[in-house]
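**Q** Please see the structure below; I have some questions.
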Amino acid sequence: REIIATMLANSMINRGGPTYLTRIADQTGAEPAHIAQAFAVVRDAYGLTALNTEIDALDTRIDGGLQLRLYAAVQNLVLEQSVWFLRNVDFADGLEAQVLRFRSGIEALAPSLSEVVQDAMRAEVSAEAARLGEAGVPVALAQRIARLPLEAEVPDIVLVAEQSGRALPEVASVFFKVAGHFRLGAMETKARDLRILDYYDGLALDRARATLAGAHRDVTRNALAAGGFETWLEENEARVVRTARAANEIMEGDLTVSKFSVAASLLAELAQ
């Protein structure tokens, strides 16, 4: 048992970075044992051991800086998804049950994710895969790395599918329509690029991102219940227009933590 614990601890540091445990604890308030559980589920649900092995195999075959970029892409997924699983998943049924629950969704949706996203995101993923391929990254690996930001959305889609009783492809389609209409991807990108100097600003931003993610799920569920995103838009046209206009005004220009928090709360109110 001690050997397994040591191996897991080493894996957490190798894949999440030397500050992984402290960073996740600050964001979630979780105990180390629970963080280790979340890490194990993320690693195994996403098949990250095999993915990192593929990156390891590129030693001396591609530029060192590029290889570090690939590792960083995986690390970003580990950090964000560890927080997500700690906030949204109960590990009482054991780790294997949660790994199987989410791995099945990831494996089912991952190959077709680029087909259900909006045109701008599809073009961005395709361009990133092309850049990596041109730099010497094998095609399949380049495509996987490029779509990791999309795969990060799958657990939310799995939750909505379970709650609504709808099929994963249908939920994924509506989920990304909601994201495209409200420019949620652009909001997330701006939020990630914010320079946070104050500890409590960091916590506030993290809470706002969680609020936005929850609102995204809620709007998706509401749209499914209404018979589709377009139907939901028609039924809520005045509120949607008002919320979208206010959120867009907030997001224009320089973004601050307070502005992002208000934008997230506006979408949460719309979802209710």
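For the structure tokens, the naming scheme is as follows: chains receive sequential letters (A, B, ...) according to their order of presentation, residues are indexed from 1 within each chain, and ligands are indexed from 1 in presentation order.
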If we count only C-alpha atoms and set the cut-off at 6 Å, which residues sit around region 144-151 of chain A, ignoring sequence neighbours fewer than 3 positions away in its own chain? Please answer as a VMD selection string.

**A** chain A and resid 125 128 to 129 141 154

**Q** Only N, CA and C atoms, please: the residues just picked out, written as a compact mmCIF listing (two decimals), in the first residue's frame.

**A**
```txt
# COMPACT_ATOMS: atom_id res chain seq x y z
N VAL A 125 -9.33 24.34 -33.32
CA VAL A 125 -8.79 23.00 -33.02
C VAL A 125 -8.04 22.45 -34.23
N GLU A 128 -4.69 24.24 -34.65
CA GLU A 128 -3.70 23.82 -33.65
C GLU A 128 -3.14 22.44 -33.99
N ALA A 129 -4.01 21.53 -34.41
CA ALA A 129 -3.54 20.20 -34.80
C ALA A 129 -2.59 20.29 -35.98
N LEU A 141 -1.57 12.12 -32.23
CA LEU A 141 -1.25 12.83 -30.99
C LEU A 141 -1.54 14.32 -31.13
N VAL A 154 -16.43 17.28 -21.50
CA VAL A 154 -17.22 16.05 -21.52
C VAL A 154 -17.83 15.69 -20.17
```

**Q** Can you build me a table of region 24-78 of chain A residues sitting at most 12 Å from region 207-216 of chain A, with the closest atom pair per residue and its distance in Å to one decimal, using only C-alpha atoms, sorted by chain and residue number, as JSON lines?

**A**
```
{"residue": "A:Asp26", "atom": "CA", "partner": "A:Arg207", "partner_atom": "CA", "distance": 11.8}
{"residue": "A:Gln27", "atom": "CA", "partner": "A:Arg207", "partner_atom": "CA", "distance": 8.6}
{"residue": "A:Thr28", "atom": "CA", "partner": "A:Arg207", "partner_atom": "CA", "distance": 9.5}
```

**Q** Keeping only N, CA, C and O atoms, write those residues as a PDB file, in the first residue's frame.

**A**
```
ATOM      1  N   ASP A  26      -5.957  24.912  -2.152  1.00  0.00           N
ATOM      2  CA  ASP A  26      -6.352  26.321  -2.026  1.00  0.00           C
ATOM      3  C   ASP A  26      -7.667  26.590  -2.757  1.00  0.00           C
ATOM      4  O   ASP A  26      -8.515  27.337  -2.285  1.00  0.00           O
ATOM      5  N   GLN A  27      -7.811  25.983  -3.926  1.00  0.00           N
ATOM      6  CA  GLN A  27      -9.001  26.238  -4.745  1.00  0.00           C
ATOM      7  C   GLN A  27     -10.249  25.562  -4.194  1.00  0.00           C
ATOM      8  O   GLN A  27     -11.360  26.083  -4.327  1.00  0.00           O
ATOM      9  N   THR A  28     -10.079  24.397  -3.591  1.00  0.00           N
ATOM     10  CA  THR A  28     -11.242  23.592  -3.209  1.00  0.00           C
ATOM     11  C   THR A  28     -11.413  23.372  -1.716  1.00  0.00           C
ATOM     12  O   THR A  28     -12.505  23.020  -1.270  1.00  0.00           O
TER      13      THR A  28
END
```

**Q** So, with only C-alpha atoms as the atoms that count, which of A:Thr19, A:Asn248, A:Thr189, A:Thr220 lies closest to Leu79 (chain A)?

**A** A:Thr19

**Q** Using only C-alpha atoms, find the one residue out of A:Met12, A:Ala36, A:Leu203, A:Leu58 that sits nearest to Leu70 (chain A).

**A**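 Closest to Leu70 (chain A), using only C-alpha atoms: A:Leu58.
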
**Q** Need the shell around Ala140 (chain A): protein/DNA/RNA residues with any atom at most 12 Å away, counting only C-alpha atoms. Skip same-chain ones fewer than 2 positions apart. Format as a count of residues only?

**A** 17

**Q** Taking 2 positions as the minimum chain separation for residues in the same chain, which residues sit within 10 Å of region 43-50 of chain A when counting only C-alpha atoms? Answer as a ChimeraX atom specification.

**A** /A:11-12,15,37-41,52-56,74-75,77-78,81-82,95-96,98-107,148,151-152,155

**Q** Name the residues of region 49-267 of chain A that come out as alpha helix (DSSP H) in a backbone DSSP run; write them as number ranges by chain.

**A** A: 49-56, 64-88, 95-109, 113-116, 119-134, 139-146, 148-151, 154-164, 168-181, 184-193, 199-226, 229-235, 237-251, 257-267

**Q** Calculate how many Å separate CA of Ala264 (chain A) from CA of Ile250 (chain A), rounding to one decimal.

**A**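 Rounded to one decimal, the two atoms are 10.3 Å apart.
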
**Q** For region 231-247 of chain A, find every residue with an atom within 12 Å (counting only C-alpha atoms), except residues of its own chain fewer than 4 positions away, and show them as a JSON list (two decimals) with N, CA and C atoms, in the first residue's frame.

**A**
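Saved result, selection-v9.json, follows:
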```json
[["chain", "number", "residue", "atom", "x", "y", "z"],
["A", 174, "VAL", "N", -26.34, 20.43, -27.98],
["A", 174, "VAL", "CA", -26.97, 21.57, -27.32],
["A", 174, "VAL", "C", -25.97, 22.30, -26.43],
["A", 177, "LYS", "N", -23.91, 24.54, -28.52],
["A", 177, "LYS", "CA", -24.70, 25.64, -29.05],
["A", 177, "LYS", "C", -24.86, 26.73, -28.00],
["A", 178, "VAL", "N", -25.09, 26.32, -26.77],
["A", 178, "VAL", "CA", -25.18, 27.29, -25.67],
["A", 178, "VAL", "C", -23.85, 28.04, -25.53],
["A", 179, "ALA", "N", -22.75, 27.30, -25.56],
["A", 179, "ALA", "CA", -21.43, 27.92, -25.43],
["A", 179, "ALA", "C", -21.18, 28.92, -26.54],
["A", 180, "GLY", "N", -21.54, 28.56, -27.77],
["A", 180, "GLY", "CA", -21.31, 29.46, -28.89],
["A", 180, "GLY", "C", -22.17, 30.70, -28.82],
["A", 181, "HIS", "N", -23.44, 30.54, -28.45],
["A", 181, "HIS", "CA", -24.36, 31.69, -28.43],
["A", 181, "HIS", "C", -23.93, 32.73, -27.40],
["A", 182, "PHE", "N", -23.49, 32.27, -26.24],
["A", 182, "PHE", "CA", -23.11, 33.20, -25.17],
["A", 182, "PHE", "C", -21.61, 33.47, -25.10],
["A", 183, "ARG", "N", -20.89, 33.00, -26.10],
["A", 183, "ARG", "CA", -19.43, 33.23, -26.19],
["A", 183, "ARG", "C", -18.70, 32.78, -24.92],
["A", 184, "LEU", "N", -19.10, 31.63, -24.42],
["A", 184, "LEU", "CA", -18.52, 31.14, -23.18],
["A", 184, "LEU", "C", -17.05, 30.78, -23.33],
["A", 186, "ALA", "N", -14.87, 32.33, -25.25],
["A", 186, "ALA", "CA", -14.13, 33.59, -25.18],
["A", 186, "ALA", "C", -14.04, 34.10, -23.76],
["A", 187, "MET", "N", -15.12, 33.92, -23.01],
["A", 187, "MET", "CA", -15.11, 34.35, -21.60],
["A", 187, "MET", "C", -14.09, 33.55, -20.81],
["A", 212, "LEU", "N", -20.18, 29.96, -13.64],
["A", 212, "LEU", "CA", -20.41, 29.96, -15.08],
["A", 212, "LEU", "C", -20.62, 28.54, -15.60],
["A", 219, "VAL", "N", -28.52, 25.84, -18.33],
["A", 219, "VAL", "CA", -29.13, 26.31, -19.58],
["A", 219, "VAL", "C", -29.25, 25.16, -20.57],
["A", 220, "THR", "N", -28.24, 24.32, -20.65],
["A", 220, "THR", "CA", -28.29, 23.16, -21.54],
["A", 220, "THR", "C", -29.45, 22.25, -21.17],
["A", 221, "ARG", "N", -29.60, 21.99, -19.88],
["A", 221, "ARG", "CA", -30.69, 21.12, -19.41],
["A", 221, "ARG", "C", -32.06, 21.76, -19.72],
["A", 222, "ASN", "N", -32.17, 23.05, -19.51],
["A", 222, "ASN", "CA", -33.42, 23.75, -19.81],
["A", 222, "ASN", "C", -33.75, 23.68, -21.31],
["A", 223, "ALA", "N", -32.71, 23.85, -22.14],
["A", 223, "ALA", "CA", -32.91, 23.80, -23.58],
["A", 223, "ALA", "C", -33.35, 22.41, -24.03],
["A", 224, "LEU", "N", -32.78, 21.39, -23.46],
["A", 224, "LEU", "CA", -33.18, 20.02, -23.79],
["A", 224, "LEU", "C", -34.64, 19.79, -23.40],
["A", 225, "ALA", "N", -35.01, 20.29, -22.23],
["A", 225, "ALA", "CA", -36.39, 20.11, -21.76],
["A", 225, "ALA", "C", -37.38, 20.86, -22.66],
["A", 226, "ALA", "N", -36.91, 21.96, -23.25],
["A", 226, "ALA", "CA", -37.78, 22.77, -24.13],
["A", 226, "ALA", "C", -37.91, 22.18, -25.52],
["A", 227, "GLY", "N", -37.11, 21.18, -25.82],
["A", 227, "GLY", "CA", -37.17, 20.56, -27.14],
["A", 227, "GLY", "C", -36.04, 20.95, -28.07],
["A", 251, "MET", "N", -17.88, 42.11, -21.00],
["A", 251, "MET", "CA", -16.69, 41.43, -21.50],
["A", 251, "MET", "C", -15.86, 42.28, -22.45],
["A", 252, "GLU", "N", -16.43, 43.37, -22.95],
["A", 252, "GLU", "CA", -15.68, 44.23, -23.86],
["A", 252, "GLU", "C", -14.59, 44.98, -23.09],
["A", 255, "LEU", "N", -10.81, 43.02, -18.98],
["A", 255, "LEU", "CA", -11.60, 42.21, -18.07],
["A", 255, "LEU", "C", -11.00, 42.26, -16.67],
["A", 259, "LYS", "N", -15.80, 42.05, -13.04],
["A", 259, "LYS", "CA", -16.59, 42.03, -14.27],
["A", 259, "LYS", "C", -16.95, 40.59, -14.66],
["A", 260, "PHE", "N", -15.97, 39.71, -14.58],
["A", 260, "PHE", "CA", -16.22, 38.32, -14.93],
["A", 260, "PHE", "C", -17.24, 37.70, -13.99],
["A", 261, "SER", "N", -17.14, 38.03, -12.71],
["A", 261, "SER", "CA", -18.08, 37.50, -11.71],
["A", 261, "SER", "C", -19.50, 37.93, -12.02],
["A", 262, "VAL", "N", -19.67, 39.19, -12.41],
["A", 262, "VAL", "CA", -21.00, 39.68, -12.75],
["A", 262, "VAL", "C", -21.54, 38.98, -13.99],
["A", 263, "ALA", "N", -20.69, 38.82, -14.99],
["A", 263, "ALA", "CA", -21.11, 38.14, -16.22],
["A", 263, "ALA", "C", -21.56, 36.71, -15.92],
["A", 264, "ALA", "N", -20.82, 36.02, -15.07],
["A", 264, "ALA", "CA", -21.17, 34.65, -14.70],
["A", 264, "ALA", "C", -22.50, 34.62, -13.95],
["A", 265, "SER", "N", -22.70, 35.57, -13.05],
["A", 265, "SER", "CA", -23.94, 35.60, -12.27],
["A", 265, "SER", "C", -25.15, 35.92, -13.16],
["A", 266, "LEU", "N", -24.95, 36.72, -14.20],
["A", 266, "LEU", "CA", -26.04, 37.03, -15.12],
["A", 266, "LEU", "C", -26.53, 35.77, -15.84],
["A", 267, "LEU", "N", -25.59, 34.96, -16.28],
["A", 267, "LEU", "CA", -25.99, 33.72, -16.96],
["A", 267, "LEU", "C", -26.65, 32.76, -15.97],
["A", 268, "ALA", "N", -26.15, 32.75, -14.74],
["A", 268, "ALA", "CA", -26.75, 31.89, -13.71],
["A", 268, "ALA", "C", -28.20, 32.31, -13.44],
["A", 269, "GLU", "N", -28.45, 33.60, -13.41],
["A", 269, "GLU", "CA", -29.81, 34.10, -13.21],
["A", 269, "GLU", "C", -30.70, 33.71, -14.38],
["A", 270, "LEU", "N", -30.18, 33.78, -15.59],
["A", 270, "LEU", "CA", -30.94, 33.38, -16.76],
["A", 270, "LEU", "C", -31.31, 31.90, -16.68],
["A", 271, "ALA", "N", -30.38, 31.09, -16.21],
["A", 271, "ALA", "CA", -30.63, 29.66, -16.12],
["A", 271, "ALA", "C", -31.74, 29.34, -15.13],
["A", 272, "GLN", "N", -31.92, 30.21, -14.15],
["A", 272, "GLN", "CA", -32.97, 29.98, -13.14],
["A", 272, "GLN", "C", -34.32, 30.49, -13.59]]
```

**Q** For CA of Ser126 (chain A) and CA of Ser114 (chain A), quote the distance in Å rounded to one decimal.

**A**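 Between CA of Ser126 (chain A) and CA of Ser114 (chain A) the gap works out to 8.4 Å.
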
**Q** Pick the closest to Glu115 (chain A) from A:Pro169, A:Gly228, A:Ala9, A:Asp59: which is it, counting only C-alpha atoms?

**A**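 Going through A:Pro169, A:Gly228, A:Ala9, A:Asp59 one by one, the smallest distance to Glu115 (chain A) is for A:Pro169.
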
**Q** Smallest atom-to-atom distance to Arg217 (chain A): which of A:Ala191, A:Ala161, A:Ile196, A:Ala120, using only C-alpha atoms?

**A**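 The answer is A:Ala161, which sits nearest to Arg217 (chain A).
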
**Q** Would you mind telling me which residue in A:Ile62, A:Ala172, A:Ala30, A:Val83 lies nearest to Val42 (chain A) when using only C-alpha atoms?

**A**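 Going through A:Ile62, A:Ala172, A:Ala30, A:Val83 one by one, the smallest distance to Val42 (chain A) is for A:Val83.
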
**Q** Between CA of Asn14 (chain A) and CA of Gly185 (chain A), what is the distance in Å, rounded to a tenth?

**A**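 CA of Gly185 (chain A) lies 28.2 Å from CA of Asn14 (chain A).
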
**Q** Which of these, A:His34, A:Arg23, A:Ala135, A:Phe176, has the shortest distance to Gln67 (chain A) once you count only C-alpha atoms?

**A** A:Ala135
